[in-house]
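Novice: start_7.csv is reproduced in full below (CSV, C-alpha atoms).
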```csv
chain,number,residue,atom,x,y,z
H,298,MET,CA,-18.0,-134.6,93.8
H,299,LYS,CA,-14.7,-136.1,94.7
H,300,GLU,CA,-14.4,-138.6,97.5
H,301,ARG,CA,-12.1,-137.8,100.4
H,302,ASP,CA,-8.6,-139.3,99.9
H,303,ILE,CA,-8.2,-141.4,103.1
H,304,GLN,CA,-4.6,-142.3,102.2
H,305,LEU,CA,-3.7,-138.7,102.0
H,306,ASP,CA,-5.1,-138.2,105.5
H,307,CYS,CA,-3.0,-141.1,106.7
H,308,TYR,CA,0.1,-139.6,105.1
H,309,ARG,CA,-0.6,-136.3,106.9
H,310,ALA,CA,-0.9,-138.1,110.2
H,311,LEU,CA,2.3,-140.2,109.7
H,312,ILE,CA,4.4,-137.2,108.7
H,313,MET,CA,3.2,-135.3,111.8
H,314,MET,CA,4.1,-138.2,114.0
H,315,TYR,CA,7.5,-138.3,112.3
H,316,ILE,CA,8.2,-134.6,112.8
H,317,ILE,CA,7.3,-134.6,116.5
H,318,CYS,CA,8.3,-138.0,117.7
H,319,VAL,CA,11.4,-138.6,115.5
H,320,VAL,CA,12.9,-135.4,114.1
H,321,HIS,CA,12.2,-133.2,117.2
H,322,MET,CA,13.0,-136.1,119.5
H,323,VAL,CA,16.5,-136.4,117.9
H,324,HIS,CA,17.2,-132.7,117.9
H,325,TRP,CA,15.4,-131.4,121.0
H,326,LEU,CA,16.1,-134.3,123.3
H,327,GLY,CA,19.5,-135.1,122.0
H,328,VAL,CA,18.6,-138.7,121.1
H,329,GLY,CA,21.0,-139.8,118.4
H,330,LYS,CA,24.1,-138.2,116.8
H,331,GLU,CA,25.4,-137.7,113.3
H,332,PRO,CA,24.7,-139.1,110.7
H,333,VAL,CA,21.2,-139.8,112.2
H,334,LYS,CA,20.6,-136.1,113.0
H,335,SER,CA,21.1,-135.1,109.3
H,336,ILE,CA,19.4,-138.1,107.7
H,337,VAL,CA,16.1,-137.6,109.5
H,338,TYR,CA,15.9,-134.0,108.3
H,339,PHE,CA,13.4,-134.2,105.4
H,340,SER,CA,10.0,-133.9,107.0
H,341,MET,CA,8.8,-130.3,106.3
H,342,PRO,CA,9.1,-130.6,102.5
H,343,ILE,CA,6.9,-133.7,102.7
H,344,MET,CA,4.4,-131.8,104.7
H,345,PHE,CA,4.2,-129.1,102.0
H,346,PHE,CA,3.9,-131.8,99.4
H,347,ILE,CA,0.9,-133.2,101.2
H,348,SER,CA,-0.6,-129.8,101.5
H,349,GLY,CA,-0.3,-129.4,97.7
H,350,ALA,CA,-1.7,-132.8,97.1
H,351,ALA,CA,-4.7,-131.9,99.3
H,352,ILE,CA,-5.3,-128.9,97.1
H,353,SER,CA,-5.2,-131.1,94.0
H,354,VAL,CA,-8.0,-133.3,95.3
H,355,SER,CA,-10.1,-130.5,96.7
H,356,LYS,CA,-13.6,-130.3,95.2
H,357,SER,CA,-13.7,-126.5,95.1
H,358,LYS,CA,-11.4,-123.6,94.2
H,359,LYS,CA,-11.4,-120.5,96.4
H,360,THR,CA,-10.8,-116.9,95.4
H,361,ILE,CA,-7.7,-115.1,96.5
H,362,LEU,CA,-9.6,-113.2,99.2
H,363,ALA,CA,-11.4,-116.3,100.4
H,364,THR,CA,-8.1,-118.2,100.6
H,365,VAL,CA,-6.5,-115.4,102.6
H,366,VAL,CA,-9.3,-115.3,105.1
H,367,ASN,CA,-9.7,-119.1,105.3
H,368,ARG,CA,-6.0,-120.0,105.7
H,369,ALA,CA,-5.1,-117.1,107.9
H,370,LYS,CA,-7.9,-117.8,110.4
H,371,ARG,CA,-7.3,-121.6,110.3
H,372,ALA,CA,-3.6,-121.1,111.1
H,373,LEU,CA,-3.6,-118.0,113.3
H,374,VAL,CA,-6.7,-118.5,115.4
H,375,PRO,CA,-5.5,-121.8,116.9
H,376,PHE,CA,-2.0,-120.3,117.3
H,377,TYR,CA,-3.4,-117.4,119.3
H,378,VAL,CA,-5.4,-119.8,121.5
H,379,TYR,CA,-2.1,-121.8,122.0
H,380,ALA,CA,-0.3,-118.5,122.8
H,381,LEU,CA,-2.9,-117.7,125.4
H,382,PHE,CA,-2.4,-121.1,127.1
H,383,SER,CA,1.4,-120.6,126.9
H,384,LEU,CA,1.3,-117.1,128.4
H,385,ILE,CA,-0.9,-118.4,131.3
H,386,VAL,CA,1.7,-121.1,131.9
H,387,LEU,CA,4.5,-118.6,131.7
H,388,THR,CA,2.7,-116.3,134.1
H,389,TYR,CA,2.3,-119.2,136.6
H,390,LEU,CA,6.0,-120.2,136.2
H,391,THR,CA,7.0,-116.6,136.7
H,392,LEU,CA,5.0,-116.3,139.9
H,393,VAL,CA,6.4,-119.5,141.4
H,394,ALA,CA,9.9,-118.6,140.2
H,395,VAL,CA,10.5,-121.8,138.1
H,396,ASN,CA,13.7,-121.8,136.0
H,397,ASP,CA,14.1,-118.0,135.9
H,398,CYS,CA,10.9,-117.5,133.8
H,399,ASN,CA,9.9,-113.9,133.8
H,400,ILE,CA,7.0,-113.0,131.5
H,401,PHE,CA,7.0,-109.5,132.9
H,402,SER,CA,10.3,-108.9,131.2
H,403,TYR,CA,8.6,-109.0,127.8
H,404,ASN,CA,9.6,-106.1,125.5
H,405,LEU,CA,7.9,-104.8,122.4
H,406,ASN,CA,10.0,-107.2,120.2
H,407,ASP,CA,8.7,-110.2,122.3
H,408,VAL,CA,5.1,-109.0,121.9
H,409,ILE,CA,5.5,-108.7,118.1
H,410,ARG,CA,7.0,-112.2,117.9
H,411,VAL,CA,3.9,-113.6,119.5
H,412,LEU,CA,1.5,-111.5,117.4
H,413,VAL,CA,3.1,-112.6,114.1
H,414,ALA,CA,3.2,-116.2,115.1
H,415,HIS,CA,7.0,-116.3,115.2
H,416,ASP,CA,7.4,-118.0,118.6
H,417,ILE,CA,6.5,-117.8,122.3
H,418,PRO,CA,9.6,-116.3,124.0
H,419,GLN,CA,10.9,-118.1,127.1
H,420,MET,CA,8.7,-121.1,126.6
H,421,THR,CA,11.7,-123.4,126.8
H,422,ASN,CA,12.8,-121.9,130.0
H,423,ASN,CA,10.5,-124.3,131.7
H,424,MET,CA,12.4,-127.3,130.3
H,425,PRO,CA,14.5,-129.2,132.9
H,426,GLN,CA,18.0,-127.8,133.2
H,427,GLY,CA,20.6,-129.8,131.5
H,428,ASN,CA,18.3,-130.6,128.6
H,429,PRO,CA,19.8,-129.7,125.2
H,430,ILE,CA,17.0,-127.2,124.5
H,431,TYR,CA,16.9,-125.5,127.9
H,432,GLY,CA,16.9,-121.7,127.6
H,433,LYS,CA,16.2,-121.6,123.9
H,434,THR,CA,13.0,-120.7,122.1
H,435,LEU,CA,11.5,-123.6,120.3
H,436,PRO,CA,11.8,-123.0,116.5
H,437,HIS,CA,8.8,-125.1,115.5
H,438,LEU,CA,6.6,-122.2,114.8
H,439,TRP,CA,8.7,-120.8,112.0
H,440,PHE,CA,6.6,-122.6,109.4
H,441,ILE,CA,3.3,-120.8,110.1
H,442,ILE,CA,4.2,-117.7,108.2
H,443,VAL,CA,5.7,-119.6,105.3
H,444,PHE,CA,2.6,-121.8,105.2
H,445,LEU,CA,0.3,-118.8,105.1
H,446,ILE,CA,2.2,-117.0,102.4
H,447,LEU,CA,2.3,-120.1,100.2
H,448,SER,CA,-1.4,-120.9,100.8
H,449,VAL,CA,-2.3,-117.4,99.7
H,450,THR,CA,-0.2,-117.8,96.5
H,451,VAL,CA,-2.1,-121.0,95.5
H,452,PRO,CA,-5.0,-119.3,93.7
H,453,ILE,CA,-2.5,-116.9,92.1
H,454,GLN,CA,-0.3,-119.7,90.8
H,455,GLN,CA,-3.4,-121.6,89.5
H,456,LYS,CA,-4.5,-118.5,87.6
H,457,ILE,CA,-1.0,-118.1,86.1
H,458,ILE,CA,-1.0,-121.7,84.9
H,459,GLU,CA,-4.5,-121.3,83.4
H,460,LYS,CA,-3.9,-117.8,81.8
H,461,PHE,CA,-0.6,-118.8,80.1
H,462,HIS,CA,-1.7,-122.4,79.4
H,463,LEU,CA,1.4,-123.8,81.0
H,464,SER,CA,1.9,-127.5,81.2
H,465,ASP,CA,2.7,-129.1,84.6
H,466,HIS,CA,6.3,-129.7,83.6
H,467,TRP,CA,6.8,-126.2,82.3
H,468,TYR,CA,5.4,-124.6,85.4
H,469,PHE,CA,7.4,-126.8,87.7
H,470,ALA,CA,10.5,-125.9,85.7
H,471,LEU,CA,9.7,-122.3,86.2
H,472,CYS,CA,9.4,-122.9,90.0
H,473,ILE,CA,12.8,-124.6,90.0
H,474,LEU,CA,14.3,-121.6,88.1
H,475,ALA,CA,12.7,-119.1,90.6
H,476,PHE,CA,14.2,-121.1,93.5
H,477,ALA,CA,17.6,-121.1,91.8
H,478,ILE,CA,17.5,-117.3,91.4
H,479,VAL,CA,16.6,-116.5,95.0
H,480,GLN,CA,19.7,-118.5,96.1
H,481,PHE,CA,21.8,-115.6,94.9
H,482,LEU,CA,19.6,-112.9,96.6
H,483,PRO,CA,20.2,-111.5,100.1
H,484,ARG,CA,18.4,-113.3,102.9
H,485,ILE,CA,15.2,-111.2,103.3
H,486,PHE,CA,12.5,-112.4,105.7
H,487,SER,CA,11.5,-115.9,104.5
H,488,LEU,CA,12.2,-115.4,100.8
H,489,GLN,CA,14.3,-118.6,100.4
H,490,GLU,CA,11.9,-120.6,102.5
H,491,VAL,CA,8.9,-119.5,100.4
H,492,PHE,CA,10.5,-120.4,97.1
H,493,GLY,CA,12.1,-123.6,98.4
H,494,TYR,CA,9.0,-125.1,100.0
H,495,ASN,CA,6.9,-123.9,97.1
H,496,LEU,CA,8.6,-126.5,94.9
H,497,PHE,CA,7.1,-129.2,97.1
H,498,LEU,CA,3.7,-127.5,97.4
H,499,VAL,CA,3.5,-127.3,93.6
H,500,ALA,CA,4.8,-130.8,93.2
H,501,GLY,CA,1.9,-132.0,95.3
H,502,MET,CA,-0.6,-129.9,93.4
H,503,LEU,CA,0.6,-131.1,89.9
H,504,TYR,CA,1.9,-134.6,90.3
H,505,TYR,CA,0.1,-136.3,93.2
H,506,LYS,CA,-1.1,-139.7,91.8
H,507,LYS,CA,-0.3,-138.5,88.3
H,508,LEU,CA,3.2,-140.0,87.8
H,509,SER,CA,4.1,-143.6,86.9
H,510,LYS,CA,6.5,-145.5,89.0
H,511,GLY,CA,9.1,-145.1,86.3
H,512,LYS,CA,8.9,-141.3,86.3
H,513,ILE,CA,9.0,-141.2,90.1
H,514,ALA,CA,12.1,-143.4,90.0
H,515,LEU,CA,13.6,-141.0,87.3
H,516,CYS,CA,12.9,-138.0,89.6
H,517,GLY,CA,14.6,-139.8,92.4
H,518,GLY,CA,17.6,-140.6,90.2
H,519,VAL,CA,17.9,-137.0,89.0
H,520,SER,CA,17.6,-135.7,92.6
H,521,LEU,CA,20.4,-138.1,93.7
H,522,VAL,CA,22.7,-136.9,90.9
H,523,VAL,CA,22.1,-133.3,91.9
H,524,LEU,CA,22.7,-134.1,95.5
H,525,VAL,CA,26.1,-135.7,94.7
H,526,LEU,CA,27.0,-132.8,92.4
H,527,CYS,CA,26.3,-130.4,95.2
H,528,MET,CA,28.8,-132.2,97.5
H,529,VAL,CA,31.4,-133.1,94.9
H,530,VAL,CA,31.4,-130.1,92.6
H,531,GLY,CA,29.7,-127.5,94.7
H,532,GLY,CA,31.7,-128.3,97.8
H,533,MET,CA,28.5,-128.3,100.0
H,534,ASN,CA,28.5,-130.4,103.2
H,535,PHE,CA,25.7,-132.9,103.9
H,536,PHE,CA,26.5,-132.8,107.6
H,537,PRO,CA,25.0,-131.1,109.5
H,538,MET,CA,21.8,-130.9,107.4
H,539,VAL,CA,20.3,-128.2,109.7
H,540,LYS,CA,22.7,-125.7,108.0
H,541,ASN,CA,21.2,-126.6,104.6
H,542,HIS,CA,17.7,-126.5,106.0
H,543,TYR,CA,17.7,-122.8,107.3
H,544,PRO,CA,17.2,-121.6,104.7
H,545,PRO,CA,16.7,-124.5,102.3
H,546,ASN,CA,19.4,-124.7,99.7
H,547,THR,CA,19.9,-126.8,96.6
H,548,LEU,CA,21.5,-129.7,98.5
H,549,TYR,CA,18.5,-129.8,100.9
H,550,VAL,CA,16.0,-129.6,98.1
H,551,ALA,CA,17.7,-132.4,96.2
H,552,TYR,CA,18.0,-134.6,99.3
H,553,THR,CA,14.4,-134.2,100.3
H,554,MET,CA,13.2,-134.7,96.7
H,555,PHE,CA,15.1,-137.9,96.6
H,556,ILE,CA,13.5,-139.1,99.9
H,557,LEU,CA,10.1,-138.0,98.6
H,558,SER,CA,10.6,-140.1,95.5
H,559,LEU,CA,11.5,-143.1,97.7
H,560,LEU,CA,8.4,-142.6,99.8
H,561,ALA,CA,6.2,-142.2,96.8
H,562,LEU,CA,7.4,-145.6,95.4
H,563,PHE,CA,7.0,-147.2,98.8
H,564,PHE,CA,3.4,-146.0,99.4
H,565,SER,CA,2.4,-146.8,95.9
H,566,VAL,CA,2.6,-150.4,97.0
H,567,VAL,CA,2.0,-150.2,100.8
H,568,LYS,CA,-1.3,-148.8,102.0
H,569,VAL,CA,-1.7,-147.3,105.5
H,570,LYS,CA,-4.6,-148.4,107.7
H,571,ASN,CA,-6.7,-145.6,109.0
H,572,THR,CA,-6.7,-146.6,112.7
H,573,TRP,CA,-8.1,-144.5,115.5
H,574,LEU,CA,-4.6,-143.1,116.4
H,575,VAL,CA,-3.9,-142.2,112.8
H,576,ASP,CA,-7.2,-140.5,112.4
H,577,PHE,CA,-6.7,-138.6,115.6
H,578,TRP,CA,-3.3,-137.3,114.4
H,579,ASN,CA,-4.7,-136.3,111.1
H,580,LYS,CA,-7.6,-134.4,112.5
H,581,LYS,CA,-5.6,-132.8,115.4
H,582,GLY,CA,-2.3,-132.5,113.7
H,583,TYR,CA,-2.0,-128.8,114.0
H,584,SER,CA,-2.9,-128.8,117.7
H,585,LEU,CA,-0.4,-131.6,118.2
H,586,TYR,CA,2.3,-129.6,116.5
H,587,LEU,CA,1.5,-126.4,118.4
H,588,TYR,CA,1.4,-127.9,121.9
H,589,GLN,CA,4.4,-130.3,121.4
H,590,ASN,CA,6.7,-128.2,123.6
H,591,PHE,CA,4.4,-129.2,126.6
H,592,ALA,CA,4.8,-132.8,125.7
H,593,PHE,CA,8.6,-132.4,125.5
H,594,PHE,CA,8.6,-130.8,128.9
H,595,ILE,CA,7.0,-134.0,130.3
H,596,VAL,CA,9.1,-136.4,128.3
H,597,ALA,CA,12.5,-134.7,128.8
H,598,PRO,CA,13.2,-135.8,132.4
H,599,LEU,CA,12.0,-139.3,131.5
H,600,LYS,CA,14.4,-139.4,128.6
H,601,THR,CA,17.2,-138.3,131.0
H,602,TYR,CA,16.3,-141.2,133.3
H,603,ILE,CA,16.1,-143.7,130.5
H,604,ALA,CA,19.4,-142.6,129.0
H,605,ALA,CA,21.1,-143.0,132.4
H,606,HIS,CA,19.9,-146.6,132.8
H,607,CYS,CA,20.0,-147.7,129.2
H,608,GLN,CA,23.2,-148.0,127.1
H,609,SER,CA,21.5,-148.5,123.8
H,610,ALA,CA,20.7,-145.3,121.9
H,611,ILE,CA,18.2,-147.3,119.7
H,612,ILE,CA,16.2,-148.5,122.7
H,613,THR,CA,16.3,-145.0,124.2
H,614,GLY,CA,15.0,-143.6,120.9
H,615,ILE,CA,12.2,-146.2,120.7
H,616,LEU,CA,11.1,-145.6,124.2
H,617,CYS,CA,11.2,-141.8,123.8
H,618,PHE,CA,9.2,-142.1,120.5
H,619,LEU,CA,6.5,-144.1,122.2
H,620,LEU,CA,6.4,-141.7,125.2
H,621,LEU,CA,6.1,-138.7,122.9
H,622,LEU,CA,3.4,-140.4,120.9
H,623,ALA,CA,1.4,-141.3,124.0
H,624,VAL,CA,2.0,-138.0,125.9
H,625,SER,CA,1.2,-135.8,122.8
H,626,THR,CA,-2.0,-137.7,122.2
H,627,ILE,CA,-3.2,-137.6,125.8
H,628,LEU,CA,-2.2,-133.9,126.1
H,629,VAL,CA,-4.2,-132.8,123.1
H,630,MET,CA,-7.2,-134.9,124.1
H,631,MET,CA,-7.1,-133.0,127.4
H,632,ILE,CA,-6.6,-129.6,125.8
H,633,THR,CA,-9.3,-130.0,123.1
H,634,PRO,CA,-12.3,-129.4,125.4
H,635,LEU,CA,-10.7,-126.1,126.3
H,636,GLU,CA,-9.3,-125.2,122.9
H,637,GLU,CA,-12.3,-125.9,120.7
H,638,PRO,CA,-14.9,-123.6,122.5
H,639,LEU,CA,-12.5,-120.7,122.2
H,640,THR,CA,-11.7,-121.3,118.5
H,641,ASN,CA,-15.4,-121.9,117.6
H,642,MET,CA,-16.4,-118.7,119.4
H,643,ILE,CA,-13.9,-116.8,117.3
H,644,TYR,CA,-14.9,-118.5,114.1
H,645,LYS,CA,-18.5,-117.4,114.7
H,646,ILE,CA,-17.6,-113.7,114.6
H,647,PRO,CA,-19.6,-112.3,111.7
H,648,PHE,CA,-16.7,-110.2,110.4
H,649,LEU,CA,-14.6,-113.4,109.9
H,650,ASN,CA,-17.4,-115.2,108.1
H,651,ILE,CA,-16.0,-118.6,109.1
H,652,ASP,CA,-18.1,-121.5,110.2
H,653,LYS,CA,-17.3,-125.0,111.3
H,654,ARG,CA,-17.2,-126.3,107.8
H,655,SER,CA,-14.2,-124.1,107.0
H,656,LYS,CA,-12.2,-126.2,109.5
H,657,ASN,CA,-12.8,-129.5,107.6
```
Step by step, read the file and then write its structure as structure tokens.

Specialist:
Amino acid sequence: MKERDIQLDCYRALIMMYIICVVHMVHWLGVGKEPVKSIVYFSMPIMFFISGAAISVSKSKKTILATVVNRAKRALVPFYVYALFSLIVLTYLTLVAVNDCNIFSYNLNDVIRVLVAHDIPQMTNNMPQGNPIYGKTLPHLWFIIVFLILSVTVPIQQKIIEKFHLSDHWYFALCILAFAIVQFLPRIFSLQEVFGYNLFLVAGMLYYKKLSKGKIALCGGVSLVVLVLCMVVGGMNFFPMVKNHYPPNTLYVAYTMFILSLLALFFSVVKVKNTWLVDFWNKKGYSLYLYQNFAFFIVAPLKTYIAAHCQSAIITGILCFLLLLAVSTILVMMITPLEEPLTNMIYKIPFLNIDKRSKN
């Protein structure tokens, strides 16, 4: 029986803090300009790498059917609870005529977007006017479907590796080849995202704690060379990185692989202390991610006030980071007593065959 990898839990908490309190702060609250907006854009590949690493240290392997049920319910049930809270809020905002919210204008397309965990239409209409993200749907829910698809493919990929007796390096090379091929295919659903982020999921599965510092440095060097070639030979632009991110292209994969190598070298020396806050963000990471738009609604006017009275973008960023960290934590602590009974009630439905242990 394998012991739980506490450091991996800490990494998961840190990357979630980074996504919400740094990346989304920069892009959603307009804190920072280029090149900062592009440099910070490497978080999601790291998240998928950590997911792959968690699979590699797991003490049990699930069948394809068990994986489908387990992953779908762990991702979708909390989302539907979040959607319920969101729709209640939107209904209230509609009735009191706040920022032109009108949930009763939902059409079939809006309903489908909610059902397939794409987004919650009009949720950003409750953001203060003048905010950079006012009137837009928050794009943070895009990863749910990609995560579900890749989670389901894990046992399939494991069987492929075992059946054909593929070495780690050969299989990773095949994944790179598959990613290269889909770059030339039409953009269909999340095809490019699935193959792009699968590189990091597989990297976590195959290489977590298995590579020497020299090999990690070599990986970082190769990634840097590919990144430079993409810009010099391929004519690809590093700025703005968001255009390379949706969908992920070769430049984005090379850049994030380079950052991943640097982080791997750094954390091979530096250990993270599992404090109460880190542990909370690890255990409640998904809820923190789902409900972050409510935290931004609270912090946005505070950011406007701070920016108006502070000439330093660095100080503004630090204060907004701390505010988002505190507000997100407190908000989820308040929501948990309402969220958990609903999710636990759904998990107990016999048809789903999911108990509390499947959440751990």

Novice: Taking every listed atom of stretch 510-522 of chain H and adding 5 Å to each side, what centre and edge lengths in Å (one decimal) does the axis-aligned box have, as lines of an AutoDock Vina configuration file?

Specialist:
```
center_x = 14.6
center_y = -140.6
center_z = 90.0
size_x = 26.2
size_y = 19.8
size_z = 17.4
```

Novice: Hey, can you check how far atom CA of H:Thr626 sits from atom CA of H:Asn590?

Specialist: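 Atom CA of H:Asn590 lies 13.0 Å from atom CA of H:Thr626.
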
Novice: Would you please work out which residue, of H:Ile615, H:Leu621, H:Leu438, H:Val374, is nearest to H:His415 when using only C-alpha atoms?

Specialist: H:Leu438

Novice: Of the candidates H:Thr360, H:Ser609, H:Gln304, H:Thr640, which shows the shortest atom-to-atom distance to H:Gln454, using all atoms listed in the file?

Specialist: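 The answer is H:Thr360, which sits nearest to H:Gln454.
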
Novice: Measuring between only C-alpha atoms, which one of H:Ala514, H:Val522, H:Leu599, H:Leu381 shows the shortest distance to H:Val624?

Specialist: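 Counting only C-alpha atoms, the residue closest to H:Val624 is H:Leu599.
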
Novice: So, with only C-alpha atoms as the atoms that count, which of H:Leu474, H:Ile458, H:Leu311, H:Val366 lies closest to H:Met502?

Specialist: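 Under the stated criterion, the closest residue is H:Ile458.
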
Novice: Between atom CA of H:Leu515 and atom CA of H:Asp465, what is the distance in Å, rounded to a tenth?

Specialist: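 If I compute the distance from atom CA of H:Leu515 to atom CA of H:Asp465, I get 16.4 Å.
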
Novice: Between atom CA of H:Cys398 and atom CA of H:Leu622, what is the distance in Å, rounded to a tenth?

Specialist: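 Here the two named atoms are 27.3 Å from each other.
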
Novice: List every protein, DNA or RNA residue that has at least one atom no more than 12 Å from (-2.3, -138.7, 124.0) in the file's coordinates, counting all atoms listed in the file, and write the result as a VMD selection string.

Specialist: chain H and resid 314 573 to 575 577 to 578 581 584 to 585 588 to 589 591 to 592 619 to 633

Novice: Skipping near chain neighbours, those fewer than 6 positions away, what residues fall within 10 Å of H:Val386 using all atoms listed in the file, listed as a ChimeraX atom specification?

Specialist: /H:380,392,400,420,423

Novice: Residues near H:Ile603, anyone? I mean within 9 Å using all atoms listed in the file, not counting same-chain ones fewer than 3 positions away, as a PyMOL selection string.

Specialist: chain H and resi 598-600+606-608+613+616-617

Novice: Which of these, H:Val449, H:Phe486, H:Ser558, H:Ala551, has the shortest distance to H:Leu508 once you count all atoms listed in the file?

Specialist: H:Ser558

Novice: Please determine, counting all atoms listed in the file, which residue among H:Asn546, H:Gln455, H:Thr553, H:Thr364 has the shortest atom-to-atom distance to H:Phe345.

Specialist: H:Thr553
